[in-house]
file coords-v2.cif (mmCIF, C-alpha atoms)
data_final
loop_
_atom_site.label_atom_id
_atom_site.label_comp_id
_atom_site.auth_asym_id
_atom_site.auth_seq_id
_atom_site.Cartn_x
_atom_site.Cartn_y
_atom_site.Cartn_z
CA MET A 1 -46.24 -38.55 18.24
CA ASP A 2 -45.10 -42.12 18.56
CA THR A 3 -48.18 -44.01 19.78
CA GLU A 4 -46.12 -46.43 21.80
CA ASN A 5 -44.67 -43.67 23.90
CA ARG A 6 -47.67 -41.39 24.06
CA TYR A 7 -48.29 -42.34 27.68
CA ARG A 8 -45.01 -40.63 28.60
CA GLN A 9 -46.40 -37.33 27.38
CA TYR A 10 -49.51 -37.87 29.52
CA GLU A 11 -47.43 -38.76 32.56
CA THR A 12 -45.24 -35.69 32.05
CA ALA A 13 -48.37 -33.51 31.86
CA ARG A 14 -49.70 -35.09 35.06
CA VAL A 15 -46.48 -34.36 36.92
CA ARG A 16 -46.32 -30.83 35.52
CA GLY A 17 -49.94 -30.30 36.56
CA GLU A 18 -49.05 -31.53 40.07
CA LEU A 19 -51.95 -33.99 40.11
CA SER A 20 -51.95 -37.26 42.00
CA VAL A 21 -53.13 -40.22 39.90
CA GLN A 22 -56.31 -40.28 41.96
CA ASP A 23 -57.02 -36.58 41.41
CA LEU A 24 -56.40 -36.99 37.69
CA TRP A 25 -58.72 -39.99 37.63
CA LEU A 26 -61.47 -37.98 39.36
CA ARG A 27 -61.14 -35.25 36.73
CA TYR A 28 -61.19 -37.85 33.94
CA LEU A 29 -64.28 -39.44 35.48
CA ALA A 30 -65.94 -36.00 35.68
CA LEU A 31 -65.33 -35.59 31.95
CA SER A 32 -67.11 -38.88 31.13
CA GLY A 33 -64.09 -41.21 31.29
CA ASN A 34 -64.97 -44.87 31.84
CA HIS A 35 -61.87 -46.56 33.25
CA ASP A 36 -61.02 -47.00 36.90
CA ALA A 37 -58.08 -45.41 38.69
CA PHE A 38 -55.93 -48.55 38.38
CA ASP A 39 -56.33 -48.57 34.60
CA ILE A 40 -55.31 -44.93 34.43
CA ASP A 41 -52.31 -45.60 36.64
CA GLY A 42 -51.37 -48.55 34.43
CA TYR A 43 -51.72 -46.45 31.28
CA LEU A 44 -49.51 -43.69 32.68
CA GLN A 45 -46.84 -46.26 33.41
CA GLY A 46 -47.05 -47.73 29.95
CA LEU A 47 -48.45 -51.06 31.18
CA LEU A 48 -51.75 -51.03 29.37
CA ALA A 49 -53.40 -49.30 26.42
CA LEU A 50 -56.49 -47.12 26.38
CA GLU A 51 -58.96 -46.77 23.50
CA THR A 52 -58.36 -43.59 21.51
CA SER A 53 -61.58 -42.01 22.76
CA GLN A 54 -60.54 -42.62 26.38
CA GLU A 55 -57.12 -41.16 25.66
CA HIS A 56 -58.90 -38.05 24.43
CA VAL A 57 -60.90 -37.75 27.64
CA LEU A 58 -57.69 -38.10 29.66
CA ALA A 59 -56.00 -35.50 27.46
CA VAL A 60 -58.85 -33.04 28.02
CA ALA A 61 -58.55 -33.59 31.79
CA LEU A 62 -54.80 -32.94 31.68
CA ASN A 63 -55.07 -29.93 29.37
CA GLU A 64 -57.67 -28.34 31.62
CA ARG A 65 -55.35 -28.79 34.57
CA LEU A 66 -52.34 -27.35 32.72
CA GLU A 67 -54.47 -24.37 31.68
CA GLU A 68 -55.50 -23.90 35.32
CA VAL A 69 -51.88 -23.96 36.52
CA TYR A 70 -50.86 -21.57 33.74
CA ARG A 71 -53.68 -19.10 34.48
CA ALA A 72 -52.97 -19.21 38.21
CA ALA A 73 -49.39 -18.11 37.50
CA LEU A 74 -50.39 -15.12 35.36
CA ILE A 75 -49.78 -11.69 36.88
CA PRO A 76 -52.98 -9.61 36.84
CA LEU A 77 -52.89 -6.27 35.00
CA PRO A 78 -55.32 -3.35 35.41
CA THR A 79 -56.46 -3.82 31.81
CA ASP A 80 -57.76 -7.35 32.51
CA PRO A 81 -61.53 -7.62 32.11
CA PRO A 82 -63.35 -8.41 35.37
CA PRO A 83 -64.26 -12.09 35.78
CA GLY A 84 -67.45 -13.04 33.99
CA ALA A 85 -67.19 -10.15 31.51
CA ASP A 86 -66.67 -12.51 28.56
CA GLY A 87 -70.34 -13.53 28.43
CA GLY A 88 -70.42 -12.63 24.74
CA ALA A 89 -67.69 -15.11 23.86
CA ARG A 90 -69.43 -17.81 25.88
CA ARG A 91 -72.74 -17.21 24.14
CA ALA A 92 -70.99 -17.24 20.77
CA VAL A 93 -69.38 -20.67 21.26
CA ILE A 94 -72.67 -22.16 22.43
CA ASP A 95 -74.50 -20.74 19.40
CA GLU A 96 -71.74 -22.07 17.18
CA LEU A 97 -71.91 -25.55 18.76
CA LEU A 98 -75.69 -25.76 18.58
CA GLY A 99 -75.85 -24.35 15.06
CA ARG A 100 -72.91 -26.32 13.67
CA ASP A 101 -73.35 -28.32 10.49
CA TRP A 102 -71.73 -31.56 11.65
CA SER A 103 -71.69 -33.11 8.18
CA ARG A 104 -69.03 -30.54 7.22
CA THR A 105 -66.79 -30.89 10.25
CA ARG A 106 -64.49 -33.81 9.75
CA PRO A 107 -62.64 -35.19 12.73
CA SER A 108 -59.14 -33.75 12.67
CA TYR A 109 -57.47 -36.57 14.56
CA MET B 1 -38.48 -54.76 65.66
CA THR B 2 -35.94 -55.88 68.24
CA GLY B 3 -35.14 -59.48 69.17
CA SER B 4 -36.67 -59.04 72.61
CA ALA B 5 -40.07 -58.13 71.19
CA PRO B 6 -42.78 -60.49 72.43
CA GLN B 7 -44.48 -62.92 70.05
CA PRO B 8 -48.07 -62.12 69.13
CA GLY B 9 -49.40 -64.99 71.20
CA ASP B 10 -47.82 -64.08 74.50
CA ALA B 11 -47.93 -60.30 74.18
CA THR B 12 -50.97 -59.62 76.32
CA ALA B 13 -49.96 -61.97 79.10
CA GLU B 14 -46.97 -59.81 80.05
CA LEU B 15 -48.56 -56.41 79.68
CA PRO B 16 -48.57 -54.05 82.62
CA ALA B 17 -52.10 -53.42 83.90
CA GLU B 18 -52.17 -49.75 82.88
CA LEU B 19 -51.19 -50.63 79.32
CA SER B 20 -53.90 -53.28 78.91
CA SER B 21 -56.54 -50.78 79.88
CA ALA B 22 -55.14 -48.25 77.42
CA LEU B 23 -55.13 -50.86 74.63
CA THR B 24 -58.73 -51.82 75.42
CA GLN B 25 -59.82 -48.20 75.14
CA MET B 26 -58.06 -47.83 71.78
CA ALA B 27 -59.56 -51.06 70.45
CA GLY B 28 -63.04 -49.74 71.20
CA LEU B 29 -62.40 -46.68 69.07
CA VAL B 30 -61.31 -48.58 65.95
CA LEU B 31 -64.81 -49.85 65.33
CA SER B 32 -66.66 -46.62 65.85
CA ARG B 33 -66.92 -43.66 63.51
CA GLU B 34 -64.48 -41.34 65.18
CA THR B 35 -62.41 -38.65 63.55
CA VAL B 36 -58.65 -38.49 63.28
CA ASP B 37 -58.66 -35.66 65.82
CA THR B 38 -60.58 -37.74 68.37
CA ALA B 39 -58.16 -40.62 67.88
CA LEU B 40 -55.15 -38.33 68.23
CA THR B 41 -56.50 -36.83 71.43
CA LEU B 42 -57.28 -40.25 72.88
CA VAL B 43 -53.84 -41.64 72.07
CA THR B 44 -52.17 -38.58 73.57
CA THR B 45 -54.22 -38.76 76.76
CA LEU B 46 -53.61 -42.48 77.12
CA ALA B 47 -49.86 -42.13 76.54
CA ASN B 48 -49.77 -39.42 79.15
CA ALA B 49 -51.53 -41.66 81.67
CA THR B 50 -49.81 -44.92 80.76
CA ILE B 51 -46.13 -44.00 81.12
CA ALA B 52 -45.42 -43.25 84.78
CA GLY B 53 -43.84 -39.89 85.59
CA THR B 54 -44.94 -38.27 82.34
CA THR B 55 -45.65 -34.56 82.41
CA GLY B 56 -46.69 -34.24 78.80
CA ALA B 57 -47.38 -36.39 75.74
CA GLY B 58 -47.81 -35.66 72.06
CA VAL B 59 -48.57 -37.43 68.77
CA THR B 60 -47.89 -36.26 65.23
CA ILE B 61 -49.03 -38.05 62.10
CA VAL B 62 -48.54 -37.25 58.45
CA ASP B 63 -50.83 -38.47 55.67
CA GLU B 64 -49.75 -39.51 52.18
CA HIS B 65 -50.05 -35.92 50.93
CA GLY B 66 -47.67 -34.70 53.64
CA LYS B 67 -50.43 -33.06 55.69
CA ARG B 68 -49.50 -33.06 59.36
CA SER B 69 -52.02 -33.62 62.17
CA LYS B 70 -51.03 -33.46 65.80
CA ALA B 71 -52.25 -33.49 69.34
CA ALA B 72 -50.45 -32.49 72.51
CA SER B 73 -51.49 -32.87 76.12
CA ASN B 74 -50.28 -29.40 77.04
CA GLU B 75 -48.59 -26.26 75.79
CA LEU B 76 -45.12 -27.38 76.88
CA VAL B 77 -45.33 -30.34 74.50
CA GLU B 78 -46.46 -28.10 71.65
CA GLN B 79 -43.53 -25.77 72.22
CA ALA B 80 -41.00 -28.60 72.47
CA ASP B 81 -42.44 -30.12 69.25
CA ALA B 82 -42.40 -26.86 67.36
CA LEU B 83 -38.71 -26.52 68.21
CA GLN B 84 -37.94 -29.89 66.62
CA TYR B 85 -39.42 -28.78 63.32
CA GLU B 86 -37.75 -25.40 63.60
CA PHE B 87 -34.29 -26.93 64.16
CA ASP B 88 -35.09 -30.00 62.03
CA GLU B 89 -33.58 -32.14 64.77
CA GLY B 90 -34.80 -33.86 67.90
CA PRO B 91 -35.75 -37.25 69.33
CA CYS B 92 -39.14 -37.54 67.57
CA LEU B 93 -37.76 -36.75 64.13
CA THR B 94 -35.05 -39.36 64.72
CA ALA B 95 -37.59 -41.93 66.01
CA TRP B 96 -39.68 -41.21 62.94
CA ARG B 97 -36.84 -41.55 60.47
CA THR B 98 -35.04 -44.52 62.05
CA ARG B 99 -38.13 -46.34 63.36
CA GLN B 100 -36.30 -46.94 66.63
CA VAL B 101 -37.15 -46.05 70.17
CA VAL B 102 -35.29 -42.93 71.23
CA ARG B 103 -34.72 -42.19 74.90
CA ILE B 104 -33.09 -39.11 76.37
CA ASP B 105 -32.22 -39.44 80.05
CA ASP B 106 -31.34 -35.81 80.51
CA THR B 107 -31.63 -33.10 77.90
CA ALA B 108 -29.13 -31.03 79.92
CA THR B 109 -26.34 -33.55 79.27
CA ASP B 110 -27.36 -35.43 76.10
CA SER B 111 -25.22 -34.44 73.13
CA ARG B 112 -27.08 -36.05 70.21
CA TRP B 113 -29.35 -33.11 69.36
CA PRO B 114 -27.46 -30.15 70.81
CA ARG B 115 -29.75 -27.35 69.66
CA TRP B 116 -33.00 -29.04 70.55
CA ASN B 117 -31.75 -30.46 73.86
CA GLY B 118 -30.59 -27.04 75.01
CA ALA B 119 -33.90 -25.39 74.14
CA ALA B 120 -35.94 -28.26 75.62
CA ALA B 121 -34.00 -28.21 78.89
CA HIS B 122 -34.67 -24.49 79.03
CA LEU B 123 -38.42 -25.20 78.64
CA GLY B 124 -38.27 -27.72 81.49
CA VAL B 125 -38.26 -30.93 79.41
CA ARG B 126 -35.58 -33.21 80.89
CA ALA B 127 -36.36 -36.83 79.95
CA VAL B 128 -37.94 -38.05 76.71
CA ILE B 129 -39.08 -41.28 75.06
CA SER B 130 -40.15 -41.15 71.45
CA VAL B 131 -41.29 -43.99 69.18
CA GLY B 132 -42.09 -43.95 65.48
CA LEU B 133 -45.58 -45.00 64.41
CA VAL B 134 -45.33 -47.66 61.71
CA VAL B 135 -48.19 -49.45 59.95
CA ASP B 136 -47.72 -51.89 57.09
CA ASP B 137 -44.09 -50.86 56.84
CA GLU B 138 -45.06 -47.23 56.42
CA ASN B 139 -44.00 -44.44 58.76
CA ILE B 140 -47.10 -42.52 59.68
CA GLY B 141 -45.72 -40.42 62.53
CA ALA B 142 -44.25 -40.43 66.00
CA ILE B 143 -45.41 -40.41 69.57
CA LYS B 144 -43.50 -39.00 72.54
CA VAL B 145 -43.71 -38.51 76.28
CA TYR B 146 -41.81 -35.87 78.20
CA SER B 147 -40.86 -35.66 81.86
CA ASP B 148 -39.64 -32.67 83.83
CA ARG B 149 -37.27 -34.85 85.88
CA PRO B 150 -34.03 -36.29 84.47
CA ALA B 151 -33.58 -40.08 84.25
CA ASP B 152 -37.31 -40.61 84.74
CA TYR B 153 -37.64 -43.29 82.07
CA GLY B 154 -35.99 -46.70 81.82
CA THR B 155 -35.91 -49.69 79.50
CA SER B 156 -39.27 -50.99 80.78
CA ASP B 157 -40.86 -47.66 79.82
CA GLU B 158 -39.28 -47.99 76.40
CA ARG B 159 -40.91 -51.39 76.01
CA VAL B 160 -44.32 -50.19 77.16
CA MET B 161 -44.09 -47.25 74.78
CA SER B 162 -43.18 -49.56 71.87
CA LEU B 163 -46.17 -51.80 72.50
CA PHE B 164 -48.40 -48.79 72.99
CA ALA B 165 -47.13 -47.23 69.75
CA GLU B 166 -47.86 -50.39 67.75
CA GLN B 167 -51.52 -50.29 68.72
CA ALA B 168 -51.77 -46.53 68.44
CA ALA B 169 -50.35 -46.70 64.90
CA ILE B 170 -53.08 -49.13 63.83
CA LEU B 171 -55.79 -46.94 65.33
CA LEU B 172 -54.43 -43.77 63.76
CA ALA B 173 -53.97 -45.40 60.37
CA ASN B 174 -57.59 -46.60 60.47
CA SER B 175 -58.83 -43.12 61.33
CA GLN B 176 -56.78 -41.72 58.46
CA SER B 177 -58.22 -44.28 56.03
CA LEU B 178 -61.70 -43.36 57.16
CA ARG B 179 -61.00 -39.67 56.59
CA GLN B 180 -59.58 -40.42 53.14
CA ALA B 181 -62.60 -42.58 52.29
CA ARG B 182 -64.93 -39.74 53.25
CA ARG B 183 -62.94 -37.26 51.21
CA LEU B 184 -63.00 -39.57 48.19
CA SER B 185 -66.73 -40.09 48.46
CA ARG B 186 -67.29 -36.31 48.48
CA GLN B 187 -65.00 -35.91 45.44
CA LEU B 188 -66.81 -38.71 43.62
CA ALA B 189 -70.15 -37.01 44.22
CA ASP B 190 -68.74 -33.79 42.72
CA ALA B 191 -67.24 -35.69 39.79
CA LEU B 192 -70.60 -37.30 39.05
CA VAL B 193 -72.38 -33.92 38.96
CA SER B 194 -69.87 -32.76 36.35
CA ARG B 195 -69.98 -36.04 34.46
CA ASP B 196 -73.76 -35.81 34.29
CA ALA B 197 -73.60 -32.35 32.67
CA VAL B 198 -70.83 -33.39 30.27
CA VAL B 199 -72.62 -36.55 29.16
CA ARG B 200 -75.91 -34.74 28.62
CA ALA B 201 -74.22 -31.91 26.70
CA THR B 202 -72.41 -34.38 24.42
CA GLY B 203 -75.79 -36.10 24.00
CA VAL B 204 -77.26 -32.85 22.70
CA LEU B 205 -74.40 -32.55 20.20
CA LEU B 206 -74.91 -36.18 19.12
CA SER B 207 -78.59 -35.54 18.46
CA ARG B 208 -77.55 -32.58 16.28
CA GLY B 209 -75.30 -34.70 14.12
CA ALA B 210 -71.97 -35.16 15.92
CA ALA B 211 -70.39 -38.37 14.63
CA ASP B 212 -69.89 -40.00 18.02
CA GLN B 213 -69.31 -39.37 21.73
CA ASP B 214 -65.59 -38.81 21.09
CA ALA B 215 -66.21 -36.14 18.43
CA ALA B 216 -68.80 -34.45 20.65
CA LEU B 217 -66.43 -34.29 23.62
CA ILE B 218 -63.59 -32.94 21.53
CA ALA B 219 -65.87 -30.24 20.09
CA LEU B 220 -66.95 -29.33 23.62
CA ALA B 221 -63.35 -29.21 24.89
CA ASP B 222 -62.27 -27.09 21.95
CA ALA B 223 -65.13 -24.61 22.43
CA ALA B 224 -64.42 -24.48 26.19
CA ARG B 225 -60.81 -23.61 25.56
CA ARG B 226 -61.69 -20.92 23.02
CA SER B 227 -64.08 -19.24 25.48
CA GLY B 228 -61.80 -19.66 28.50
CA GLN B 229 -64.05 -21.96 30.51
CA THR B 230 -63.89 -25.51 31.74
CA VAL B 231 -65.73 -28.24 29.84
CA GLN B 232 -68.02 -28.61 32.84
CA GLN B 233 -68.98 -24.90 32.82
CA LEU B 234 -69.59 -24.91 29.08
CA ALA B 235 -71.66 -28.10 29.32
CA GLY B 236 -73.83 -26.48 32.00
CA ASP B 237 -74.27 -23.29 29.92
CA LEU B 238 -75.04 -25.28 26.79
CA LEU B 239 -77.73 -27.31 28.55
CA ALA B 240 -79.24 -24.12 29.97
CA ALA B 241 -79.26 -22.58 26.46
CA VAL B 242 -81.03 -25.65 25.07
CA VAL B 243 -83.64 -25.52 27.86
CA ASP B 244 -84.17 -21.77 27.22
CA GLY B 245 -84.50 -22.40 23.49
CA ASN B 246 -87.09 -25.12 24.08
CA ALA B 247 -89.03 -22.85 26.45
CA ASP B 248 -89.03 -20.07 23.82
CA SER B 249 -90.22 -22.33 21.03
CA SER B 250 -92.98 -23.89 23.13
CA ALA B 251 -94.17 -20.40 24.16
CA THR B 252 -94.65 -19.27 20.54
#

call {"tool": "encode", "arguments": {"input": "coords-v2.cif", "output": "structure tokens"}}
result
Amino acid sequence: MDTENRYRQYETARVRGELSVQDLWLRYLALSGNHDAFDIDGYLQGLLALETSQEHVLAVALNERLEEVYRAALIPLPTDPPPGADGGARRAVIDELLGRDWSRTRPSY
Amino acid sequence: MTGSAPQPGDATAELPAELSSALTQMAGLVLSRETVDTALTLVTTLANATIAGTTGAGVTIVDEHGKRSKAASNELVEQADALQYEFDEGPCLTAWRTRQVVRIDDTATDSRWPRWNGAAAHLGVRAVISVGLVVDDENIGAIKVYSDRPADYGTSDERVMSLFAEQAAILLANSQSLRQARRLSRQLADALVSRDAVVRATGVLLSRGAADQDAALIALADAARRSGQTVQQLAGDLLAAVVDGNADSSAT
């Protein structure tokens, strides 16, 4: 992805996720983002840059929203597990995170 | 704004007595912590009392998200309003869109909004004045008064309604800002609860060897996606697991 135009991808995701800039900012803030709403607005319009780590936080906020929109559109089937039935998978990712050998995981970005 | 509009300095000197008292009541509300609904009701009641011959008054405002709030002095006004939205035509919608004062002398003979006029005349609404509510060059809604007698309103009523609407718009915009500020403060409180969990969970991962905050957050987001949860949920579960683990190890 061309770094100069990456903000366009973020802005497209925001529009697709039907989030106002303020609602996106609140989600970004909730995920440990550090910039104010004006900075985020400026970034989405290509007027100012964000540090890579802050771009990641914003991307997580947008991806979560897109996932939410996608899941909300899914048609339920009788074979779907009842909500909360995936406790095993949740436990597994926590064990994996807490037991991970960080020296072997190299950042993939 | 028309050329005949009074200058700010001389506006109050020419005001009819009933309008000054209405403006004073609205000014008192701006400074207190009232809700949008209270403000809407007050404006509606005052419009009803201020414009002579009025049988019903109503106010509709729309916030930046398109959410409509309204108040009406009686059922007749509600019905007449509902018809405007149903037909997508009528004096208030025109006042709103054009920002001009709209007066109908007799709904039985006026030809500008044929469908609405016919239905309104049937309901017993004969004369109408409607003015758009504009603050800082932004349309926030419209206000209208109805009369059951034709030709009940004249140009002086138009002028009083315009002045009234200017003040009402400021009051209603302030109440809306207050509501938005309250909503934002609630959302911020929620965001901080989540942020707290996320920051502490990434802190745990840092203490276990994650390279930096960025790497820890990405690991958290990736794990959340794999297990079909939000980062906030996973962060909460992870912290609970750490607390449980600590409790187990201190018990043995």

call {"tool": "atom_distance", "arguments": {"input": "coords-v2.cif", "atom1": "atom CA of B:Ala211", "atom2": "atom CA of A:Glu55"}}
result
17.5 Å

call {"tool": "interface_residues", "arguments": {"input": "coords-v2.cif", "of": "chain A", "to": "chain B", "cutoff": "10 Å", "atoms": "only C-alpha atoms", "output": "PyMOL selection string"}}
result
chain A and resi 20+22-23+25-33+52-57+59-61+63-65+67-68+86-103+105-109

call {"tool": "resolve_selection", "arguments": {"input": "coords-v2.cif", "expression": "the PyMOL selection byres ((chain B and resi 127) around 6)", "output": "short mmCIF file (atom, residue, chain, number, x, y, z; two decimals) with C-alpha atoms, keeping the file's coordinate frame"}}
result
data_model
loop_
_atom_site.label_atom_id
_atom_site.label_comp_id
_atom_site.auth_asym_id
_atom_site.auth_seq_id
_atom_site.Cartn_x
_atom_site.Cartn_y
_atom_site.Cartn_z
CA ILE B 104 -33.09 -39.11 76.37
CA ASP B 105 -32.22 -39.44 80.05
CA ASP B 106 -31.34 -35.81 80.51
CA ARG B 126 -35.58 -33.21 80.89
CA VAL B 128 -37.94 -38.05 76.71
CA TYR B 146 -41.81 -35.87 78.20
CA SER B 147 -40.86 -35.66 81.86
CA PRO B 150 -34.03 -36.29 84.47
#

call {"tool": "atom_distance", "arguments": {"input": "coords-v2.cif", "atom1": "atom CA of B:Leu178", "atom2": "atom CA of B:Ile51"}}
result
28.6 Å

call {"tool": "residues_around", "arguments": {"input": "coords-v2.cif", "residues": "B:Asp88", "least_positions_apart": "6", "cutoff": "10 Å", "atoms": "all atoms listed in the file", "output": "list in words"}}
result
Ala82, Thr94, Trp113, Arg115 and Trp116 of chain B

call {"tool": "decode", "arguments": {"input": "coords-v2.cif", "residues": "stretch 16-32 of chain A", "atoms": "N, CA, C and O atoms", "output": "mmCIF file, in the first residue's frame"}}
result
data_model
loop_
_atom_site.group_PDB
_atom_site.id
_atom_site.type_symbol
_atom_site.label_atom_id
_atom_site.label_comp_id
_atom_site.auth_asym_id
_atom_site.auth_seq_id
_atom_site.Cartn_x
_atom_site.Cartn_y
_atom_site.Cartn_z
ATOM 1 N N ARG A 16 -17.539 3.093 5.041
ATOM 2 C CA ARG A 16 -18.190 1.783 4.914
ATOM 3 C C ARG A 16 -18.725 1.323 6.266
ATOM 4 O O ARG A 16 -19.762 0.676 6.333
ATOM 5 N N GLY A 17 -18.009 1.646 7.328
ATOM 6 C CA GLY A 17 -18.452 1.279 8.674
ATOM 7 C C GLY A 17 -19.510 2.222 9.222
ATOM 8 O O GLY A 17 -19.965 2.062 10.344
ATOM 9 N N GLU A 18 -19.897 3.217 8.441
ATOM 10 C CA GLU A 18 -20.931 4.185 8.825
ATOM 11 C C GLU A 18 -20.643 4.825 10.187
ATOM 12 O O GLU A 18 -21.518 4.949 11.037
ATOM 13 N N LEU A 19 -19.391 5.227 10.396
ATOM 14 C CA LEU A 19 -19.009 5.884 11.638
ATOM 15 C C LEU A 19 -18.796 7.367 11.374
ATOM 16 O O LEU A 19 -18.189 7.726 10.364
ATOM 17 N N SER A 20 -19.275 8.209 12.289
ATOM 18 C CA SER A 20 -18.894 9.613 12.206
ATOM 19 C C SER A 20 -17.444 9.703 12.678
ATOM 20 O O SER A 20 -16.940 8.787 13.331
ATOM 21 N N VAL A 21 -16.765 10.802 12.339
ATOM 22 C CA VAL A 21 -15.372 10.948 12.772
ATOM 23 C C VAL A 21 -15.306 10.899 14.304
ATOM 24 O O VAL A 21 -14.430 10.276 14.886
ATOM 25 N N GLN A 22 -16.297 11.522 14.940
ATOM 26 C CA GLN A 22 -16.276 11.527 16.405
ATOM 27 C C GLN A 22 -16.446 10.118 16.976
ATOM 28 O O GLN A 22 -15.766 9.744 17.929
ATOM 29 N N ASP A 23 -17.350 9.336 16.391
ATOM 30 C CA ASP A 23 -17.547 7.973 16.894
ATOM 31 C C ASP A 23 -16.301 7.121 16.654
ATOM 32 O O ASP A 23 -15.930 6.308 17.492
ATOM 33 N N LEU A 24 -15.655 7.329 15.512
ATOM 34 C CA LEU A 24 -14.417 6.599 15.245
ATOM 35 C C LEU A 24 -13.356 7.011 16.259
ATOM 36 O O LEU A 24 -12.651 6.160 16.812
ATOM 37 N N TRP A 25 -13.271 8.311 16.530
ATOM 38 C CA TRP A 25 -12.278 8.793 17.484
ATOM 39 C C TRP A 25 -12.509 8.170 18.863
ATOM 40 O O TRP A 25 -11.565 7.754 19.536
ATOM 41 N N LEU A 26 -13.771 8.077 19.286
ATOM 42 C CA LEU A 26 -14.078 7.490 20.593
ATOM 43 C C LEU A 26 -13.616 6.029 20.654
ATOM 44 O O LEU A 26 -13.090 5.570 21.667
ATOM 45 N N ARG A 27 -13.810 5.305 19.552
ATOM 46 C CA ARG A 27 -13.375 3.907 19.506
ATOM 47 C C ARG A 27 -11.849 3.810 19.536
ATOM 48 O O ARG A 27 -11.277 2.926 20.171
ATOM 49 N N TYR A 28 -11.195 4.720 18.839
ATOM 50 C CA TYR A 28 -9.734 4.779 18.786
ATOM 51 C C TYR A 28 -9.177 5.097 20.172
ATOM 52 O O TYR A 28 -8.217 4.479 20.644
ATOM 53 N N LEU A 29 -9.837 6.047 20.838
ATOM 54 C CA LEU A 29 -9.449 6.420 22.199
ATOM 55 C C LEU A 29 -9.595 5.223 23.140
ATOM 56 O O LEU A 29 -8.728 4.970 23.983
ATOM 57 N N ALA A 30 -10.698 4.475 22.972
ATOM 58 C CA ALA A 30 -10.975 3.317 23.818
ATOM 59 C C ALA A 30 -9.942 2.217 23.606
ATOM 60 O O ALA A 30 -9.761 1.358 24.457
ATOM 61 N N LEU A 31 -9.258 2.254 22.463
ATOM 62 C CA LEU A 31 -8.252 1.233 22.164
ATOM 63 C C LEU A 31 -6.845 1.759 22.430
ATOM 64 O O LEU A 31 -5.872 1.242 21.879
ATOM 65 N N SER A 32 -6.731 2.810 23.214
ATOM 66 C CA SER A 32 -5.466 3.391 23.669
ATOM 67 C C SER A 32 -4.858 4.401 22.695
ATOM 68 O O SER A 32 -3.699 4.761 22.844
#
